[in-house]
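Engineer: Structure file final-v9.json, JSON, N, CA and C atoms, is pasted below:
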```
[["chain", "number", "residue", "atom", "x", "y", "z"],
["A", 1, "MET", "N", -9.24, 5.86, 1.57],
["A", 1, "MET", "CA", -8.97, 7.28, 1.74],
["A", 1, "MET", "C", -9.78, 7.77, 2.94],
["A", 2, "ALA", "N", -9.28, 8.85, 3.55],
["A", 2, "ALA", "CA", -9.95, 9.46, 4.68],
["A", 2, "ALA", "C", -9.66, 10.96, 4.66],
["A", 3, "PRO", "N", -10.51, 11.76, 5.32],
["A", 3, "PRO", "CA", -10.20, 13.20, 5.41],
["A", 3, "PRO", "C", -8.88, 13.40, 6.13],
["A", 4, "ASP", "N", -8.16, 14.43, 5.76],
["A", 4, "ASP", "CA", -6.90, 14.78, 6.41],
["A", 4, "ASP", "C", -7.22, 15.26, 7.82],
["A", 5, "PRO", "N", -6.75, 14.55, 8.87],
["A", 5, "PRO", "CA", -7.07, 14.95, 10.24],
["A", 5, "PRO", "C", -6.44, 16.27, 10.65],
["A", 6, "GLY", "N", -5.51, 16.77, 9.86],
["A", 6, "GLY", "CA", -4.89, 18.06, 10.16],
["A", 6, "GLY", "C", -5.75, 19.24, 9.75],
["A", 7, "ARG", "N", -6.93, 18.98, 9.25],
["A", 7, "ARG", "CA", -7.87, 20.02, 8.83],
["A", 7, "ARG", "C", -9.06, 20.00, 9.78],
["A", 8, "PRO", "N", -8.96, 20.69, 10.92],
["A", 8, "PRO", "CA", -9.98, 20.57, 11.97],
["A", 8, "PRO", "C", -11.23, 21.43, 11.80],
["A", 9, "ASP", "N", -11.46, 21.94, 10.59],
["A", 9, "ASP", "CA", -12.60, 22.85, 10.43],
["A", 9, "ASP", "C", -13.93, 22.14, 10.23],
["A", 10, "GLY", "N", -13.96, 20.81, 10.33],
["A", 10, "GLY", "CA", -15.20, 20.07, 10.28],
["A", 10, "GLY", "C", -15.70, 19.72, 8.89],
["A", 11, "ARG", "N", -14.95, 20.08, 7.84],
["A", 11, "ARG", "CA", -15.39, 19.74, 6.50],
["A", 11, "ARG", "C", -15.28, 18.23, 6.28],
["A", 12, "VAL", "N", -16.18, 17.69, 5.49],
["A", 12, "VAL", "CA", -16.16, 16.26, 5.17],
["A", 12, "VAL", "C", -16.32, 16.08, 3.67],
["A", 13, "CYS", "N", -15.88, 14.95, 3.18],
["A", 13, "CYS", "CA", -16.04, 14.60, 1.77],
["A", 13, "CYS", "C", -17.10, 13.52, 1.68],
["A", 14, "GLY", "N", -18.17, 13.80, 0.98],
["A", 14, "GLY", "CA", -19.23, 12.84, 0.81],
["A", 14, "GLY", "C", -18.95, 11.79, -0.24],
["A", 15, "HIS", "N", -17.79, 11.85, -0.85],
["A", 15, "HIS", "CA", -17.45, 10.94, -1.94],
["A", 15, "HIS", "C", -16.55, 9.78, -1.50],
["A", 16, "LEU", "N", -16.18, 9.73, -0.23],
["A", 16, "LEU", "CA", -15.23, 8.71, 0.24],
["A", 16, "LEU", "C", -15.64, 7.29, -0.12],
["A", 17, "PRO", "N", -16.91, 6.90, 0.01],
["A", 17, "PRO", "CA", -17.27, 5.51, -0.33],
["A", 17, "PRO", "C", -17.04, 5.16, -1.80],
["A", 18, "GLU", "N", -16.96, 6.13, -2.66],
["A", 18, "GLU", "CA", -16.80, 5.89, -4.10],
["A", 18, "GLU", "C", -15.34, 5.80, -4.55],
["A", 19, "ILE", "N", -14.39, 6.11, -3.67],
["A", 19, "ILE", "CA", -12.99, 6.26, -4.07],
["A", 19, "ILE", "C", -12.25, 4.93, -3.99],
["A", 20, "THR", "N", -11.58, 4.58, -5.08],
["A", 20, "THR", "CA", -10.69, 3.42, -5.11],
["A", 20, "THR", "C", -9.41, 3.81, -5.84],
["A", 21, "ARG", "N", -8.35, 3.13, -5.53],
["A", 21, "ARG", "CA", -7.07, 3.33, -6.23],
["A", 21, "ARG", "C", -7.09, 2.49, -7.49],
["A", 22, "PRO", "N", -6.39, 2.93, -8.54],
["A", 22, "PRO", "CA", -6.32, 2.10, -9.74],
["A", 22, "PRO", "C", -5.62, 0.78, -9.43],
["A", 23, "ALA", "N", -6.09, -0.30, -10.04],
["A", 23, "ALA", "CA", -5.51, -1.63, -9.78],
["A", 23, "ALA", "C", -4.10, -1.74, -10.35],
["A", 24, "GLY", "N", -3.85, -1.11, -11.46],
["A", 24, "GLY", "CA", -2.54, -1.14, -12.08],
["A", 24, "GLY", "C", -2.20, 0.24, -12.59],
["A", 25, "PRO", "N", -1.11, 0.37, -13.28],
["A", 25, "PRO", "CA", -0.76, 1.68, -13.81],
["A", 25, "PRO", "C", -1.85, 2.19, -14.76],
["A", 26, "PRO", "N", -2.46, 3.33, -14.45],
["A", 26, "PRO", "CA", -3.56, 3.82, -15.27],
["A", 26, "PRO", "C", -3.10, 4.50, -16.56],
["A", 27, "GLY", "N", -1.85, 4.84, -16.64],
["A", 27, "GLY", "CA", -1.33, 5.50, -17.83],
["A", 27, "GLY", "C", 0.06, 6.02, -17.56],
["A", 28, "ASP", "N", 0.75, 6.34, -18.63],
["A", 28, "ASP", "CA", 2.12, 6.79, -18.50],
["A", 28, "ASP", "C", 2.27, 8.30, -18.46],
["A", 29, "GLY", "N", 1.18, 9.02, -18.71],
["A", 29, "GLY", "CA", 1.29, 10.47, -18.74],
["A", 29, "GLY", "C", -0.04, 11.15, -18.90],
["A", 30, "CYS", "N", 0.01, 12.46, -18.90],
["A", 30, "CYS", "CA", -1.18, 13.28, -19.08],
["A", 30, "CYS", "C", -1.64, 13.15, -20.53],
["A", 31, "GLU", "N", -2.85, 12.69, -20.71],
["A", 31, "GLU", "CA", -3.37, 12.44, -22.05],
["A", 31, "GLU", "C", -3.35, 13.70, -22.92],
["A", 32, "GLU", "N", -3.77, 14.83, -22.37],
["A", 32, "GLU", "CA", -3.82, 16.06, -23.14],
["A", 32, "GLU", "C", -2.43, 16.62, -23.43],
["A", 33, "CYS", "N", -1.52, 16.57, -22.43],
["A", 33, "CYS", "CA", -0.16, 17.07, -22.64],
["A", 33, "CYS", "C", 0.57, 16.25, -23.70],
["A", 34, "GLU", "N", 0.32, 14.94, -23.72],
["A", 34, "GLU", "CA", 0.97, 14.10, -24.72],
["A", 34, "GLU", "C", 0.59, 14.54, -26.13],
["A", 35, "VAL", "N", -0.68, 14.88, -26.34],
["A", 35, "VAL", "CA", -1.14, 15.35, -27.65],
["A", 35, "VAL", "C", -0.48, 16.67, -28.02],
["A", 36, "LEU", "N", -0.33, 17.56, -27.02],
["A", 36, "LEU", "CA", 0.23, 18.88, -27.26],
["A", 36, "LEU", "C", 1.76, 18.91, -27.25],
["A", 37, "GLY", "N", 2.39, 17.83, -26.81],
["A", 37, "GLY", "CA", 3.84, 17.78, -26.73],
["A", 37, "GLY", "C", 4.40, 18.52, -25.53],
["A", 38, "TRP", "N", 3.57, 18.69, -24.49],
["A", 38, "TRP", "CA", 3.98, 19.41, -23.28],
["A", 38, "TRP", "C", 4.49, 18.44, -22.22],
["A", 39, "ALA", "N", 5.33, 18.95, -21.32],
["A", 39, "ALA", "CA", 5.79, 18.19, -20.16],
["A", 39, "ALA", "C", 4.85, 18.47, -18.99],
["A", 40, "TRP", "N", 4.86, 17.63, -17.99],
["A", 40, "TRP", "CA", 4.03, 17.83, -16.80],
["A", 40, "TRP", "C", 4.89, 17.60, -15.56],
["A", 41, "ALA", "N", 4.42, 18.13, -14.43],
["A", 41, "ALA", "CA", 5.13, 17.97, -13.16],
["A", 41, "ALA", "C", 4.74, 16.65, -12.48],
["A", 42, "ARG", "N", 3.46, 16.50, -12.19],
["A", 42, "ARG", "CA", 2.95, 15.28, -11.56],
["A", 42, "ARG", "C", 1.60, 14.94, -12.17],
["A", 43, "LEU", "N", 1.19, 13.70, -11.95],
["A", 43, "LEU", "CA", -0.06, 13.23, -12.54],
["A", 43, "LEU", "C", -1.12, 12.99, -11.48],
["A", 44, "ARG", "N", -2.37, 13.19, -11.89],
["A", 44, "ARG", "CA", -3.53, 12.95, -11.04],
["A", 44, "ARG", "C", -4.48, 12.01, -11.78],
["A", 45, "TRP", "N", -5.14, 11.15, -11.03],
["A", 45, "TRP", "CA", -6.03, 10.14, -11.57],
["A", 45, "TRP", "C", -7.44, 10.41, -11.10],
["A", 46, "CYS", "N", -8.39, 10.52, -12.02],
["A", 46, "CYS", "CA", -9.78, 10.75, -11.67],
["A", 46, "CYS", "C", -10.34, 9.48, -11.05],
["A", 47, "ALA", "N", -10.82, 9.58, -9.81],
["A", 47, "ALA", "CA", -11.33, 8.41, -9.09],
["A", 47, "ALA", "C", -12.69, 7.96, -9.62],
["A", 48, "THR", "N", -13.30, 8.74, -10.50],
["A", 48, "THR", "CA", -14.59, 8.35, -11.07],
["A", 48, "THR", "C", -14.42, 7.59, -12.38],
["A", 49, "CYS", "N", -13.65, 8.15, -13.30],
["A", 49, "CYS", "CA", -13.57, 7.54, -14.64],
["A", 49, "CYS", "C", -12.18, 7.05, -15.02],
["A", 50, "GLY", "N", -11.15, 7.38, -14.24],
["A", 50, "GLY", "CA", -9.80, 6.91, -14.54],
["A", 50, "GLY", "C", -8.98, 7.81, -15.45],
["A", 51, "HIS", "N", -9.50, 8.98, -15.81],
["A", 51, "HIS", "CA", -8.74, 9.92, -16.64],
["A", 51, "HIS", "C", -7.45, 10.31, -15.93],
["A", 52, "VAL", "N", -6.35, 10.37, -16.66],
["A", 52, "VAL", "CA", -5.06, 10.81, -16.12],
["A", 52, "VAL", "C", -4.77, 12.20, -16.67],
["A", 53, "GLY", "N", -4.57, 13.14, -15.76],
["A", 53, "GLY", "CA", -4.25, 14.51, -16.15],
["A", 53, "GLY", "C", -3.13, 15.06, -15.30],
["A", 54, "CYS", "N", -2.55, 16.17, -15.73],
["A", 54, "CYS", "CA", -1.44, 16.78, -15.01],
["A", 54, "CYS", "C", -1.95, 17.66, -13.86],
["A", 55, "CYS", "N", -1.09, 17.89, -12.89],
["A", 55, "CYS", "CA", -1.43, 18.64, -11.69],
["A", 55, "CYS", "C", -1.47, 20.15, -11.94],
["A", 56, "ASP", "N", -1.88, 20.89, -10.92],
["A", 56, "ASP", "CA", -1.98, 22.35, -11.04],
["A", 56, "ASP", "C", -0.62, 23.03, -11.19],
["A", 57, "SER", "N", 0.46, 22.34, -10.86],
["A", 57, "SER", "CA", 1.80, 22.90, -11.05],
["A", 57, "SER", "C", 2.29, 22.72, -12.48],
["A", 58, "SER", "N", 1.54, 22.01, -13.28],
["A", 58, "SER", "CA", 1.90, 21.77, -14.68],
["A", 58, "SER", "C", 1.28, 22.84, -15.57],
["A", 59, "ARG", "N", 1.85, 22.99, -16.72],
["A", 59, "ARG", "CA", 1.41, 24.01, -17.67],
["A", 59, "ARG", "C", -0.09, 23.89, -18.01],
["A", 60, "GLY", "N", -0.56, 22.67, -18.25],
["A", 60, "GLY", "CA", -1.92, 22.49, -18.71],
["A", 60, "GLY", "C", -2.99, 22.41, -17.63],
["A", 61, "ARG", "N", -2.60, 22.05, -16.41],
["A", 61, "ARG", "CA", -3.57, 21.87, -15.32],
["A", 61, "ARG", "C", -4.75, 21.00, -15.78],
["A", 62, "HIS", "N", -4.44, 19.91, -16.47],
["A", 62, "HIS", "CA", -5.47, 19.10, -17.10],
["A", 62, "HIS", "C", -6.31, 18.28, -16.12],
["A", 63, "ALA", "N", -5.79, 17.94, -14.96],
["A", 63, "ALA", "CA", -6.63, 17.23, -13.98],
["A", 63, "ALA", "C", -7.77, 18.14, -13.53],
["A", 64, "TYR", "N", -7.44, 19.41, -13.24],
["A", 64, "TYR", "CA", -8.50, 20.35, -12.85],
["A", 64, "TYR", "C", -9.45, 20.61, -14.02],
["A", 65, "ALA", "N", -8.92, 20.75, -15.23],
["A", 65, "ALA", "CA", -9.76, 20.98, -16.40],
["A", 65, "ALA", "C", -10.73, 19.81, -16.59],
["A", 66, "HIS", "N", -10.26, 18.59, -16.33],
["A", 66, "HIS", "CA", -11.13, 17.42, -16.43],
["A", 66, "HIS", "C", -12.26, 17.51, -15.40],
["A", 67, "HIS", "N", -11.91, 17.87, -14.17],
["A", 67, "HIS", "CA", -12.95, 18.05, -13.14],
["A", 67, "HIS", "C", -13.96, 19.11, -13.56],
["A", 68, "ALA", "N", -13.47, 20.25, -14.05],
["A", 68, "ALA", "CA", -14.35, 21.35, -14.43],
["A", 68, "ALA", "C", -15.30, 20.94, -15.56],
["A", 69, "ALA", "N", -14.81, 20.14, -16.50],
["A", 69, "ALA", "CA", -15.64, 19.73, -17.63],
["A", 69, "ALA", "C", -16.59, 18.59, -17.27],
["A", 70, "SER", "N", -16.15, 17.69, -16.40],
["A", 70, "SER", "CA", -16.93, 16.49, -16.11],
["A", 70, "SER", "C", -17.77, 16.59, -14.84],
["A", 71, "GLY", "N", -17.28, 17.40, -13.89],
["A", 71, "GLY", "CA", -17.93, 17.46, -12.59],
["A", 71, "GLY", "C", -17.51, 16.34, -11.65],
["A", 72, "TYR", "N", -16.61, 15.47, -12.11],
["A", 72, "TYR", "CA", -16.15, 14.37, -11.25],
["A", 72, "TYR", "C", -15.34, 14.98, -10.11],
["A", 73, "PRO", "N", -15.63, 14.60, -8.86],
["A", 73, "PRO", "CA", -15.14, 15.35, -7.72],
["A", 73, "PRO", "C", -13.72, 15.06, -7.22],
["A", 74, "VAL", "N", -13.22, 13.83, -7.35],
["A", 74, "VAL", "CA", -11.99, 13.46, -6.65],
["A", 74, "VAL", "C", -10.89, 13.04, -7.62],
["A", 75, "ALA", "N", -9.68, 13.57, -7.38],
["A", 75, "ALA", "CA", -8.49, 13.16, -8.11],
["A", 75, "ALA", "C", -7.46, 12.67, -7.10],
["A", 76, "LEU", "N", -6.78, 11.59, -7.43],
["A", 76, "LEU", "CA", -5.74, 11.03, -6.57],
["A", 76, "LEU", "C", -4.38, 11.25, -7.21],
["A", 77, "SER", "N", -3.39, 11.53, -6.38],
["A", 77, "SER", "CA", -2.03, 11.68, -6.88],
["A", 77, "SER", "C", -1.51, 10.33, -7.34],
["A", 78, "LEU", "N", -0.85, 10.32, -8.50],
["A", 78, "LEU", "CA", -0.23, 9.09, -8.99],
["A", 78, "LEU", "C", 1.26, 9.03, -8.68],
["A", 79, "ASP", "N", 1.80, 10.05, -8.02],
["A", 79, "ASP", "CA", 3.20, 10.01, -7.63],
["A", 79, "ASP", "C", 3.35, 8.93, -6.56],
["A", 80, "PRO", "N", 4.28, 7.97, -6.74],
["A", 80, "PRO", "CA", 4.42, 6.88, -5.77],
["A", 80, "PRO", "C", 4.75, 7.35, -4.35],
["A", 81, "GLU", "N", 5.29, 8.54, -4.23],
["A", 81, "GLU", "CA", 5.63, 9.05, -2.89],
["A", 81, "GLU", "C", 4.54, 9.91, -2.30],
["A", 82, "GLU", "N", 3.45, 10.11, -3.02],
["A", 82, "GLU", "CA", 2.33, 10.91, -2.51],
["A", 82, "GLU", "C", 1.13, 9.99, -2.34],
["A", 83, "LYS", "N", 0.62, 9.93, -1.15],
["A", 83, "LYS", "CA", -0.53, 9.07, -0.83],
["A", 83, "LYS", "C", -1.71, 9.93, -0.43],
["A", 84, "TRP", "N", -2.16, 10.78, -1.35],
["A", 84, "TRP", "CA", -3.26, 11.68, -1.05],
["A", 84, "TRP", "C", -4.13, 11.92, -2.26],
["A", 85, "GLY", "N", -5.27, 12.50, -1.99],
["A", 85, "GLY", "CA", -6.19, 12.90, -3.05],
["A", 85, "GLY", "C", -6.75, 14.27, -2.73],
["A", 86, "TRP", "N", -7.53, 14.78, -3.65],
["A", 86, "TRP", "CA", -8.16, 16.09, -3.46],
["A", 86, "TRP", "C", -9.59, 16.00, -3.95],
["A", 87, "CYS", "N", -10.51, 16.45, -3.11],
["A", 87, "CYS", "CA", -11.91, 16.55, -3.53],
["A", 87, "CYS", "C", -12.14, 17.99, -3.95],
["A", 88, "TYR", "N", -12.30, 18.19, -5.25],
["A", 88, "TYR", "CA", -12.53, 19.53, -5.79],
["A", 88, "TYR", "C", -13.85, 20.09, -5.27],
["A", 89, "GLU", "N", -14.87, 19.25, -5.22],
["A", 89, "GLU", "CA", -16.20, 19.71, -4.83],
["A", 89, "GLU", "C", -16.24, 20.16, -3.37],
["A", 90, "ASP", "N", -15.64, 19.38, -2.48],
["A", 90, "ASP", "CA", -15.66, 19.71, -1.05],
["A", 90, "ASP", "C", -14.43, 20.49, -0.61],
["A", 91, "GLU", "N", -13.49, 20.72, -1.53],
["A", 91, "GLU", "CA", -12.24, 21.43, -1.23],
["A", 91, "GLU", "C", -11.55, 20.84, 0.00],
["A", 92, "LEU", "N", -11.23, 19.55, -0.11],
["A", 92, "LEU", "CA", -10.68, 18.83, 1.03],
["A", 92, "LEU", "C", -9.59, 17.87, 0.59],
["A", 93, "PHE", "N", -8.44, 17.91, 1.29],
["A", 93, "PHE", "CA", -7.40, 16.92, 1.08],
["A", 93, "PHE", "C", -7.86, 15.61, 1.68],
["A", 94, "LEU", "N", -7.48, 14.53, 1.03],
["A", 94, "LEU", "CA", -7.78, 13.18, 1.50],
["A", 94, "LEU", "C", -6.46, 12.44, 1.61],
["A", 95, "ILE", "N", -6.33, 11.62, 2.63],
["A", 95, "ILE", "CA", -5.10, 10.84, 2.80],
["A", 95, "ILE", "C", -5.42, 9.37, 2.74],
["A", 96, "GLU", "N", -4.45, 8.59, 2.27],
["A", 96, "GLU", "CA", -4.63, 7.15, 2.17],
["A", 96, "GLU", "C", -4.43, 6.55, 3.56],
["A", 97, "VAL", "N", -5.34, 5.65, 3.92],
["A", 97, "VAL", "CA", -5.22, 4.95, 5.20],
["A", 97, "VAL", "C", -4.90, 3.48, 4.92],
["A", 98, "PRO", "N", -4.02, 2.90, 5.72],
["A", 98, "PRO", "CA", -3.63, 1.49, 5.49],
["A", 98, "PRO", "C", -4.76, 0.53, 5.75]]
```
Have the structure of the file written as structure tokens, please.

Structural biologist:
Amino acid sequence: MAPDPGRPDGRVCGHLPEITRPAGPPGDGCEECEVLGWAWARLRWCATCGHVGCCDSSRGRHAYAHHAASGYPVALSLDPEEKWGWCYEDELFLIEVP
């Protein structure tokens, strides 16, 4: 992962060395939404502990709730067509680099 070069304001993410992609499918859905019987729009994966939660466009916003409760800073999109992450702490988009 790397900072999004389209954000020229000089912000950096100090968590980049800690970020890895899951080796395999981390889960089939948002853990909290599954318990509640809710649907979700897209999934996010916590780069610290592997928790899978729904995105901010989903009813539960469980990826953000996980960050707020745990303090873990980075979530990566699990959508196969999205190759980005978000650092909640530094408020910075991150993009996957080959």

Engineer: Would you give me, as an MDAnalysis selection string, the residues in chain A that DSSP reads as strand (DSSP E)?

Structural biologist: chainID A and resid 2:3 43:46 52:54 74:77 84:87 92:95

Engineer: Just to confirm, what's the straight-line distance from atom CA of A:Glu91 to atom CA of A:Ser58 in Å (one decimal)?

Structural biologist: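 Here the two named atoms are 19.5 Å from each other.
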
Engineer: Rounded to one decimal in Å, what is the spacing between atom CA of A:Lys83 and atom CA of A:Val35?

Structural biologist: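 Separation of atom CA of A:Lys83 and atom CA of A:Val35: 27.6 Å.
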
Engineer: Identify which of the residues A:Leu43, A:Val52, A:Cys13, A:Leu92 lies closest to A:Asp79, counting all atoms listed in the file when measuring atom-to-atom distances.

Structural biologist: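 With all atoms listed in the file as the atom set, the closest residue is A:Leu43.
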
Engineer: For A:Tyr64, work out the shell of residues within 6.5 Å, counting all atoms listed in the file and skipping chain neighbours fewer than 5 positions away, then give it as a ChimeraX atom specification.

Structural biologist: /A:53-56,69

Engineer: Ranking A:Leu94, A:Leu36, A:Ala65, A:Leu76 by minimum distance to A:Arg11 and counting only C-alpha atoms, which one comes first?

Structural biologist: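 So, comparing all the options, the nearest one is A:Leu94.
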
Engineer: Residues at most 8 Å from A:Ser57, counting only N, CA and C atoms, excluding those fewer than 3 positions away in the same chain, as a list in words?

Structural biologist: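 Surrounding residues, per the criterion: Trp40, Ala41, Arg42, Cys54, Gly60, Arg61 and His62 of chain A.
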
Engineer: Nearest to A:Trp86 among A:Arg44, A:Arg59, A:Arg21, A:His66, with distances taken over only C-alpha atoms: which residue is it?

Structural biologist: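 Between A:Arg44, A:Arg59, A:Arg21, A:His66, the residue approaching A:Trp86 most closely is A:Arg44.
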